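**Student:** Input file: protein-v2.cif. Contents: mmCIF, N, CA and C atoms and all ligand atoms.
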```cif
data_coords
#
loop_
_atom_site.label_atom_id
_atom_site.label_comp_id
_atom_site.auth_asym_id
_atom_site.auth_seq_id
_atom_site.Cartn_x
_atom_site.Cartn_y
_atom_site.Cartn_z
N MET B 597 -21.15 -32.09 -43.54
CA MET B 597 -20.31 -32.54 -44.66
C MET B 597 -20.93 -32.19 -46.01
N GLY B 598 -22.23 -32.39 -46.10
CA GLY B 598 -22.91 -32.11 -47.37
C GLY B 598 -22.71 -30.67 -47.82
N ARG B 599 -22.54 -29.79 -46.88
CA ARG B 599 -22.43 -28.37 -47.23
C ARG B 599 -21.20 -28.05 -48.06
N LEU B 600 -20.11 -28.74 -47.77
CA LEU B 600 -18.88 -28.47 -48.50
C LEU B 600 -19.08 -28.62 -50.01
N LYS B 601 -19.93 -29.55 -50.35
CA LYS B 601 -20.13 -29.82 -51.78
C LYS B 601 -20.84 -28.67 -52.48
N GLN B 602 -21.42 -27.78 -51.70
CA GLN B 602 -22.14 -26.68 -52.34
C GLN B 602 -21.24 -25.50 -52.66
N LEU B 603 -20.00 -25.58 -52.27
CA LEU B 603 -19.10 -24.46 -52.51
C LEU B 603 -18.36 -24.48 -53.85
N PRO B 604 -18.64 -25.39 -54.71
CA PRO B 604 -17.63 -25.83 -55.67
C PRO B 604 -17.02 -24.76 -56.56
N ASN B 605 -17.63 -24.53 -57.72
CA ASN B 605 -16.95 -23.78 -58.78
C ASN B 605 -16.96 -22.27 -58.57
N ARG B 606 -17.62 -21.84 -57.57
CA ARG B 606 -17.71 -20.40 -57.31
C ARG B 606 -16.35 -19.72 -57.38
N LEU B 607 -15.37 -20.29 -56.69
CA LEU B 607 -14.08 -19.64 -56.56
C LEU B 607 -13.39 -19.48 -57.91
N THR B 608 -13.45 -20.52 -58.72
CA THR B 608 -12.74 -20.43 -59.99
C THR B 608 -13.45 -19.49 -60.95
N SER B 609 -14.76 -19.29 -60.75
CA SER B 609 -15.45 -18.43 -61.70
C SER B 609 -15.45 -16.97 -61.27
N LEU B 610 -14.91 -16.70 -60.09
CA LEU B 610 -14.81 -15.31 -59.67
C LEU B 610 -13.79 -14.60 -60.54
N PRO B 611 -14.20 -13.55 -61.21
CA PRO B 611 -13.27 -12.85 -62.10
C PRO B 611 -12.29 -11.98 -61.32
N PRO B 612 -11.12 -11.80 -61.87
CA PRO B 612 -10.20 -10.87 -61.22
C PRO B 612 -10.72 -9.45 -61.40
N ARG B 613 -10.74 -8.69 -60.33
CA ARG B 613 -11.28 -7.33 -60.45
C ARG B 613 -10.15 -6.33 -60.40
N ILE B 614 -9.27 -6.41 -61.35
CA ILE B 614 -8.12 -5.50 -61.32
C ILE B 614 -8.23 -4.45 -62.42
N ALA B 615 -9.26 -4.55 -63.23
CA ALA B 615 -9.38 -3.61 -64.32
C ALA B 615 -9.69 -2.21 -63.80
N SER B 616 -9.08 -1.23 -64.42
CA SER B 616 -9.39 0.14 -64.05
C SER B 616 -10.75 0.50 -64.63
N PRO B 617 -11.39 1.54 -64.11
CA PRO B 617 -12.74 1.88 -64.57
C PRO B 617 -12.81 2.07 -66.08
N SER B 618 -11.75 2.59 -66.68
CA SER B 618 -11.81 2.82 -68.12
C SER B 618 -11.82 1.51 -68.90
N HIS B 619 -11.39 0.44 -68.25
CA HIS B 619 -11.40 -0.86 -68.94
C HIS B 619 -12.59 -1.72 -68.51
N GLN B 620 -13.46 -1.11 -67.77
CA GLN B 620 -14.55 -1.87 -67.18
C GLN B 620 -15.36 -2.65 -68.21
N SER B 621 -15.73 -1.99 -69.28
CA SER B 621 -16.62 -2.64 -70.23
C SER B 621 -15.91 -3.80 -70.93
N GLU B 622 -14.65 -3.59 -71.23
CA GLU B 622 -13.87 -4.68 -71.84
C GLU B 622 -13.76 -5.84 -70.86
N ALA B 623 -13.51 -5.52 -69.60
CA ALA B 623 -13.42 -6.56 -68.58
C ALA B 623 -14.75 -7.28 -68.44
N ASP B 624 -15.81 -6.52 -68.49
CA ASP B 624 -17.14 -7.12 -68.41
C ASP B 624 -17.38 -8.06 -69.58
N ARG B 625 -16.97 -7.60 -70.75
CA ARG B 625 -17.14 -8.43 -71.94
C ARG B 625 -16.36 -9.73 -71.78
N ASN B 626 -15.12 -9.60 -71.33
CA ASN B 626 -14.30 -10.80 -71.14
C ASN B 626 -14.91 -11.74 -70.11
N ARG B 627 -15.43 -11.15 -69.07
CA ARG B 627 -16.04 -11.95 -68.02
C ARG B 627 -17.24 -12.70 -68.58
N TYR B 628 -18.02 -11.98 -69.37
CA TYR B 628 -19.20 -12.58 -69.97
C TYR B 628 -18.80 -13.74 -70.89
N ARG B 629 -17.76 -13.51 -71.69
CA ARG B 629 -17.30 -14.56 -72.60
C ARG B 629 -16.80 -15.78 -71.83
N ARG B 630 -16.05 -15.50 -70.77
CA ARG B 630 -15.53 -16.64 -69.99
C ARG B 630 -16.68 -17.46 -69.40
N ALA B 631 -17.73 -16.75 -69.00
CA ALA B 631 -18.85 -17.45 -68.37
C ALA B 631 -19.67 -18.22 -69.40
N THR B 632 -19.85 -17.63 -70.59
CA THR B 632 -20.73 -18.27 -71.56
C THR B 632 -19.97 -19.16 -72.53
N GLN B 633 -18.67 -18.89 -72.71
CA GLN B 633 -17.88 -19.67 -73.66
C GLN B 633 -16.61 -20.14 -72.98
N PRO B 634 -16.76 -21.12 -72.10
CA PRO B 634 -15.62 -21.54 -71.28
C PRO B 634 -14.44 -22.04 -72.11
N TRP B 635 -14.71 -22.48 -73.34
CA TRP B 635 -13.62 -22.98 -74.17
C TRP B 635 -12.63 -21.88 -74.52
N ARG B 636 -13.02 -20.63 -74.40
CA ARG B 636 -12.09 -19.55 -74.72
C ARG B 636 -10.81 -19.63 -73.89
N LYS B 637 -10.97 -20.13 -72.68
CA LYS B 637 -9.78 -20.17 -71.83
C LYS B 637 -8.80 -21.26 -72.25
N TRP B 638 -9.29 -22.22 -73.06
CA TRP B 638 -8.37 -23.25 -73.56
C TRP B 638 -7.25 -22.61 -74.37
N TYR B 639 -7.59 -21.50 -75.03
CA TYR B 639 -6.60 -20.83 -75.87
C TYR B 639 -5.45 -20.24 -75.06
N SER B 640 -5.67 -20.03 -73.80
CA SER B 640 -4.59 -19.42 -73.03
C SER B 640 -3.79 -20.45 -72.23
N THR B 641 -4.06 -21.73 -72.48
CA THR B 641 -3.30 -22.76 -71.78
C THR B 641 -1.96 -23.01 -72.47
N LYS B 642 -1.03 -23.50 -71.69
CA LYS B 642 0.28 -23.88 -72.22
C LYS B 642 0.13 -24.98 -73.26
N ALA B 643 -0.79 -25.92 -72.97
CA ALA B 643 -1.00 -27.05 -73.87
C ALA B 643 -1.41 -26.56 -75.26
N TRP B 644 -2.30 -25.57 -75.27
CA TRP B 644 -2.72 -25.04 -76.57
C TRP B 644 -1.57 -24.32 -77.26
N GLN B 645 -0.82 -23.54 -76.49
CA GLN B 645 0.27 -22.80 -77.10
C GLN B 645 1.29 -23.73 -77.74
N SER B 646 1.58 -24.84 -77.07
CA SER B 646 2.58 -25.73 -77.68
C SER B 646 1.98 -26.52 -78.85
N LEU B 647 0.70 -26.85 -78.76
CA LEU B 647 0.05 -27.54 -79.88
C LEU B 647 0.00 -26.62 -81.10
N SER B 648 -0.38 -25.39 -80.86
CA SER B 648 -0.47 -24.41 -81.92
C SER B 648 0.90 -24.17 -82.57
N TRP B 649 1.90 -24.10 -81.73
CA TRP B 649 3.27 -23.91 -82.22
C TRP B 649 3.69 -25.09 -83.08
N LYS B 650 3.40 -26.30 -82.60
CA LYS B 650 3.79 -27.53 -83.30
C LYS B 650 3.15 -27.56 -84.69
N VAL B 651 1.86 -27.26 -84.75
CA VAL B 651 1.14 -27.29 -86.02
C VAL B 651 1.75 -26.30 -87.01
N ARG B 652 2.06 -25.10 -86.51
CA ARG B 652 2.59 -24.06 -87.40
C ARG B 652 4.02 -24.37 -87.82
N LEU B 653 4.77 -24.94 -86.87
CA LEU B 653 6.16 -25.31 -87.18
C LEU B 653 6.19 -26.40 -88.24
N GLU B 654 5.33 -27.42 -88.04
CA GLU B 654 5.31 -28.53 -89.00
C GLU B 654 4.84 -28.07 -90.38
N ALA B 655 4.04 -27.01 -90.39
CA ALA B 655 3.59 -26.46 -91.67
C ALA B 655 4.62 -25.48 -92.23
N HIS B 656 5.74 -25.34 -91.55
CA HIS B 656 6.78 -24.38 -91.93
C HIS B 656 6.19 -22.98 -92.06
N PHE B 657 5.24 -22.67 -91.21
CA PHE B 657 4.62 -21.35 -91.18
C PHE B 657 4.07 -20.96 -92.55
N THR B 658 3.60 -21.97 -93.27
CA THR B 658 3.02 -21.76 -94.58
C THR B 658 1.51 -21.83 -94.47
N CYS B 659 0.86 -20.83 -95.02
CA CYS B 659 -0.60 -20.78 -94.94
C CYS B 659 -1.22 -21.86 -95.81
N ALA B 660 -2.10 -22.66 -95.23
CA ALA B 660 -2.74 -23.75 -95.95
C ALA B 660 -3.71 -23.22 -97.00
N GLN B 661 -4.09 -21.99 -96.87
CA GLN B 661 -5.09 -21.40 -97.76
C GLN B 661 -4.43 -20.73 -98.96
N CYS B 662 -3.53 -19.82 -98.71
CA CYS B 662 -2.98 -19.01 -99.81
C CYS B 662 -1.52 -19.32 -100.09
N GLY B 663 -0.89 -20.15 -99.27
CA GLY B 663 0.48 -20.56 -99.54
C GLY B 663 1.54 -19.56 -99.10
N ARG B 664 1.11 -18.46 -98.52
CA ARG B 664 2.05 -17.47 -98.02
C ARG B 664 2.91 -18.07 -96.91
N VAL B 665 4.20 -17.80 -96.99
CA VAL B 665 5.07 -18.20 -95.89
C VAL B 665 5.25 -16.99 -95.00
N GLU B 666 4.82 -17.14 -93.78
CA GLU B 666 4.74 -15.98 -92.89
C GLU B 666 5.73 -16.16 -91.74
N GLY B 667 6.84 -15.46 -91.83
CA GLY B 667 7.87 -15.62 -90.81
C GLY B 667 7.70 -14.73 -89.60
N ARG B 668 6.84 -13.72 -89.75
CA ARG B 668 6.73 -12.77 -88.66
C ARG B 668 5.95 -13.35 -87.49
N LYS B 669 6.40 -12.96 -86.34
CA LYS B 669 5.79 -13.46 -85.12
C LYS B 669 4.32 -13.04 -85.03
N GLY B 670 3.48 -13.97 -84.63
CA GLY B 670 2.09 -13.62 -84.42
C GLY B 670 1.27 -13.48 -85.69
N GLN B 671 1.88 -13.80 -86.84
CA GLN B 671 1.16 -13.62 -88.10
C GLN B 671 0.62 -14.93 -88.66
N THR B 672 0.84 -16.03 -87.95
CA THR B 672 0.21 -17.29 -88.33
C THR B 672 -0.68 -17.75 -87.18
N VAL B 673 -1.67 -18.53 -87.56
CA VAL B 673 -2.67 -18.97 -86.60
C VAL B 673 -2.90 -20.46 -86.80
N ALA B 674 -2.99 -21.21 -85.71
CA ALA B 674 -3.42 -22.60 -85.82
C ALA B 674 -4.95 -22.58 -85.85
N ASP B 675 -5.49 -22.97 -86.99
CA ASP B 675 -6.93 -22.84 -87.20
C ASP B 675 -7.60 -24.21 -87.15
N HIS B 676 -8.78 -24.25 -86.59
CA HIS B 676 -9.56 -25.49 -86.57
C HIS B 676 -10.28 -25.64 -87.91
N LYS B 677 -9.96 -26.72 -88.62
CA LYS B 677 -10.60 -26.94 -89.92
C LYS B 677 -12.09 -27.12 -89.73
N ILE B 678 -12.45 -27.98 -88.81
CA ILE B 678 -13.85 -28.10 -88.42
C ILE B 678 -14.04 -27.25 -87.17
N PRO B 679 -14.89 -26.25 -87.23
CA PRO B 679 -15.07 -25.39 -86.06
C PRO B 679 -15.43 -26.22 -84.83
N HIS B 680 -14.69 -26.02 -83.76
CA HIS B 680 -14.89 -26.90 -82.59
C HIS B 680 -16.15 -26.57 -81.80
N LYS B 681 -16.56 -25.30 -81.88
CA LYS B 681 -17.79 -24.88 -81.19
C LYS B 681 -17.87 -25.41 -79.76
N GLY B 682 -16.73 -25.45 -79.12
CA GLY B 682 -16.72 -25.88 -77.73
C GLY B 682 -16.54 -27.38 -77.54
N ASP B 683 -16.41 -28.12 -78.64
CA ASP B 683 -16.18 -29.57 -78.55
C ASP B 683 -14.71 -29.81 -78.22
N GLU B 684 -14.48 -30.33 -77.05
CA GLU B 684 -13.12 -30.48 -76.55
C GLU B 684 -12.28 -31.39 -77.43
N ALA B 685 -12.87 -32.46 -77.91
CA ALA B 685 -12.13 -33.42 -78.74
C ALA B 685 -11.68 -32.75 -80.04
N LEU B 686 -12.58 -32.00 -80.66
CA LEU B 686 -12.24 -31.30 -81.89
C LEU B 686 -11.20 -30.22 -81.64
N PHE B 687 -11.34 -29.57 -80.51
CA PHE B 687 -10.42 -28.48 -80.19
C PHE B 687 -8.99 -28.97 -80.13
N TRP B 688 -8.80 -30.12 -79.46
CA TRP B 688 -7.44 -30.61 -79.21
C TRP B 688 -6.95 -31.57 -80.28
N ASP B 689 -7.76 -31.85 -81.29
CA ASP B 689 -7.38 -32.81 -82.32
C ASP B 689 -6.38 -32.16 -83.29
N GLU B 690 -5.16 -32.66 -83.23
CA GLU B 690 -4.10 -32.09 -84.06
C GLU B 690 -4.45 -32.19 -85.55
N ASN B 691 -5.15 -33.28 -85.91
CA ASN B 691 -5.51 -33.46 -87.31
C ASN B 691 -6.58 -32.47 -87.77
N ASN B 692 -7.18 -31.83 -86.82
CA ASN B 692 -8.19 -30.83 -87.15
C ASN B 692 -7.59 -29.42 -87.20
N LEU B 693 -6.27 -29.37 -87.14
CA LEU B 693 -5.62 -28.05 -87.12
C LEU B 693 -4.81 -27.81 -88.38
N GLN B 694 -4.81 -26.56 -88.81
CA GLN B 694 -3.99 -26.18 -89.96
C GLN B 694 -3.40 -24.81 -89.69
N CYS B 695 -2.31 -24.57 -90.38
CA CYS B 695 -1.66 -23.28 -90.24
C CYS B 695 -2.26 -22.31 -91.25
N LEU B 696 -2.73 -21.19 -90.77
CA LEU B 696 -3.24 -20.15 -91.66
C LEU B 696 -2.51 -18.84 -91.36
N CYS B 697 -2.36 -18.03 -92.39
CA CYS B 697 -1.87 -16.69 -92.12
C CYS B 697 -3.03 -15.90 -91.52
N LYS B 698 -2.70 -14.78 -90.92
CA LYS B 698 -3.73 -14.04 -90.21
C LYS B 698 -4.82 -13.55 -91.15
N LEU B 699 -4.41 -13.12 -92.34
CA LEU B 699 -5.39 -12.61 -93.30
C LEU B 699 -6.43 -13.66 -93.65
N CYS B 700 -5.94 -14.87 -94.00
CA CYS B 700 -6.87 -15.94 -94.38
C CYS B 700 -7.70 -16.36 -93.17
N HIS B 701 -7.06 -16.44 -92.04
CA HIS B 701 -7.78 -16.84 -90.84
C HIS B 701 -8.95 -15.90 -90.58
N ASP B 702 -8.69 -14.62 -90.68
CA ASP B 702 -9.76 -13.66 -90.40
C ASP B 702 -10.88 -13.79 -91.42
N LYS B 703 -10.51 -14.05 -92.67
CA LYS B 703 -11.53 -14.25 -93.71
C LYS B 703 -12.37 -15.48 -93.41
N VAL B 704 -11.68 -16.59 -93.08
CA VAL B 704 -12.38 -17.84 -92.79
C VAL B 704 -13.34 -17.64 -91.62
N LYS B 705 -12.83 -17.00 -90.60
CA LYS B 705 -13.66 -16.81 -89.40
C LYS B 705 -14.88 -15.96 -89.71
N GLN B 706 -14.65 -14.90 -90.49
CA GLN B 706 -15.79 -14.04 -90.81
C GLN B 706 -16.84 -14.78 -91.60
N ALA B 707 -16.39 -15.61 -92.55
CA ALA B 707 -17.33 -16.37 -93.36
C ALA B 707 -18.11 -17.36 -92.48
N GLU B 708 -17.37 -18.00 -91.58
CA GLU B 708 -18.02 -18.96 -90.67
C GLU B 708 -19.06 -18.27 -89.81
N GLU B 709 -18.68 -17.11 -89.32
CA GLU B 709 -19.59 -16.42 -88.42
C GLU B 709 -20.82 -15.93 -89.17
N ARG B 710 -20.62 -15.52 -90.42
CA ARG B 710 -21.77 -15.13 -91.23
C ARG B 710 -22.67 -16.34 -91.43
N ALA B 711 -22.05 -17.47 -91.77
CA ALA B 711 -22.83 -18.69 -92.03
C ALA B 711 -23.61 -19.12 -90.80
N ALA B 712 -23.00 -18.90 -89.63
CA ALA B 712 -23.67 -19.30 -88.41
C ALA B 712 -24.68 -18.27 -87.95
N GLY B 713 -24.75 -17.17 -88.69
CA GLY B 713 -25.74 -16.15 -88.38
C GLY B 713 -25.41 -15.33 -87.14
N TRP B 714 -24.09 -15.15 -86.87
CA TRP B 714 -23.72 -14.33 -85.72
C TRP B 714 -23.81 -12.86 -86.11
ZN ZN B 801 -3.18 -17.12 -96.14
#
```
Starting from the file, lay out its structure as structure tokens.
**Tutor:**
Amino acid sequence: MGRLKQLPNRLTSLPPRIASPSHQSEADRNRYRRATQPWRKWYSTKAWQSLSWKVRLEAHFTCAQCGRVEGRKGQTVADHKIPHKGDEALFWDENNLQCLCKLCHDKVKQAEERAAGW
């Protein structure tokens, strides 16, 4: 019986090996990210997609930074005001989210990453 307990997370952490050889390095990178930054997969959940949509809808797709109203699909981002850095509570906290246009979001992220010394 004790042995069953040793099988646990292996299966879920096995990456899909469907990438063609030309995509190998990208697949490897993604695999590495999934392994080292498990919170990345939160972004692909339905829960995140609807939360992100709600935040942007309530902001009327208006950028909190520059005030641009961005109607085009995929051009607004639900941004974490306080970087969650893998903190689940911060990640899912609606009050910690704001609508940013892509331009501002990329600027904010770059500044944060510089500050964090990445
Ligand atoms: Zn903006």
**Student:** Would you mind listing what lies within 12 Å of Ser648 (chain B) as an MDAnalysis selection string, with only C-alpha atoms counted and same-chain residues fewer than 5 positions away left out?
**Tutor:** chainID B and resid 638:643 653:655 657 670 672:676 687:696
**Student:** Just checking: using all atoms listed in the file, which residue out of B:Arg630, B:Leu699, B:Arg636, B:Gln671 ends up closest to ligand ZN 801 (chain B)?
**Tutor:**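 Comparing B:Arg630, B:Leu699, B:Arg636, B:Gln671 against ligand ZN 801 (chain B), the winner is B:Leu699.
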**Student:** Which residues in region 630-707 of chain B does DSSP call strand (DSSP E)? List them as a ChimeraX atom specification.
**Tutor:** /B:672-676,693-697
**Student:** Can you measure atom N of Cys659 (chain B) to CA of Cys697 (chain B) for me? One decimal in Å is fine.
**Tutor:**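 Answer for the atom N of Cys659 (chain B) to CA of Cys697 (chain B) separation: 5.7 Å.
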**Student:** What gap, in Å, lies between atom C of Gly682 (chain B) and CA of Pro634 (chain B)?
**Tutor:**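 Here the two named atoms are 8.6 Å from each other.
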**Student:** In terms of the shortest atom-to-atom distance over all atoms listed in the file, which of B:Lys650, B:Gln661, B:Lys703, B:Glu709 is closest to ligand ZN 801 (chain B)?
**Tutor:**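 Closest residue, counting all atoms listed in the file: B:Gln661.
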**Student:** For CA of Arg664 (chain B) and atom N of Lys698 (chain B), determine how far apart the two atoms are, in Å to one decimal place.
**Tutor:**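 Computing it gives 9.0 Å between the two atoms.
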**Student:** Among the residues of region 618-671 of chain B, find those DSSP assigns to helix (DSSP H, G or I) from the backbone and print them as JSON, numbers by chain.
**Tutor:** {"B": [618, 619, 620, 621, 622, 623, 624, 625, 626, 627, 628, 629, 630, 631, 632, 634, 635, 636, 637, 638, 639, 640, 642, 643, 644, 645, 646, 647, 648, 649, 650, 651, 652, 653, 654]}
**Student:** Enclose region 697-703 of chain B, meaning all of its atoms listed in the file, in a box aligned along x, y and z, pad it by 3 Å on each side, and list the centre and edge lengths in Å to one decimal, as lines of an AutoDock Vina configuration file.
**Tutor:**
```
center_x = -7.1
center_y = -15.3
center_z = -92.3
size_x = 16.5
size_y = 11.4
size_z = 10.2
```
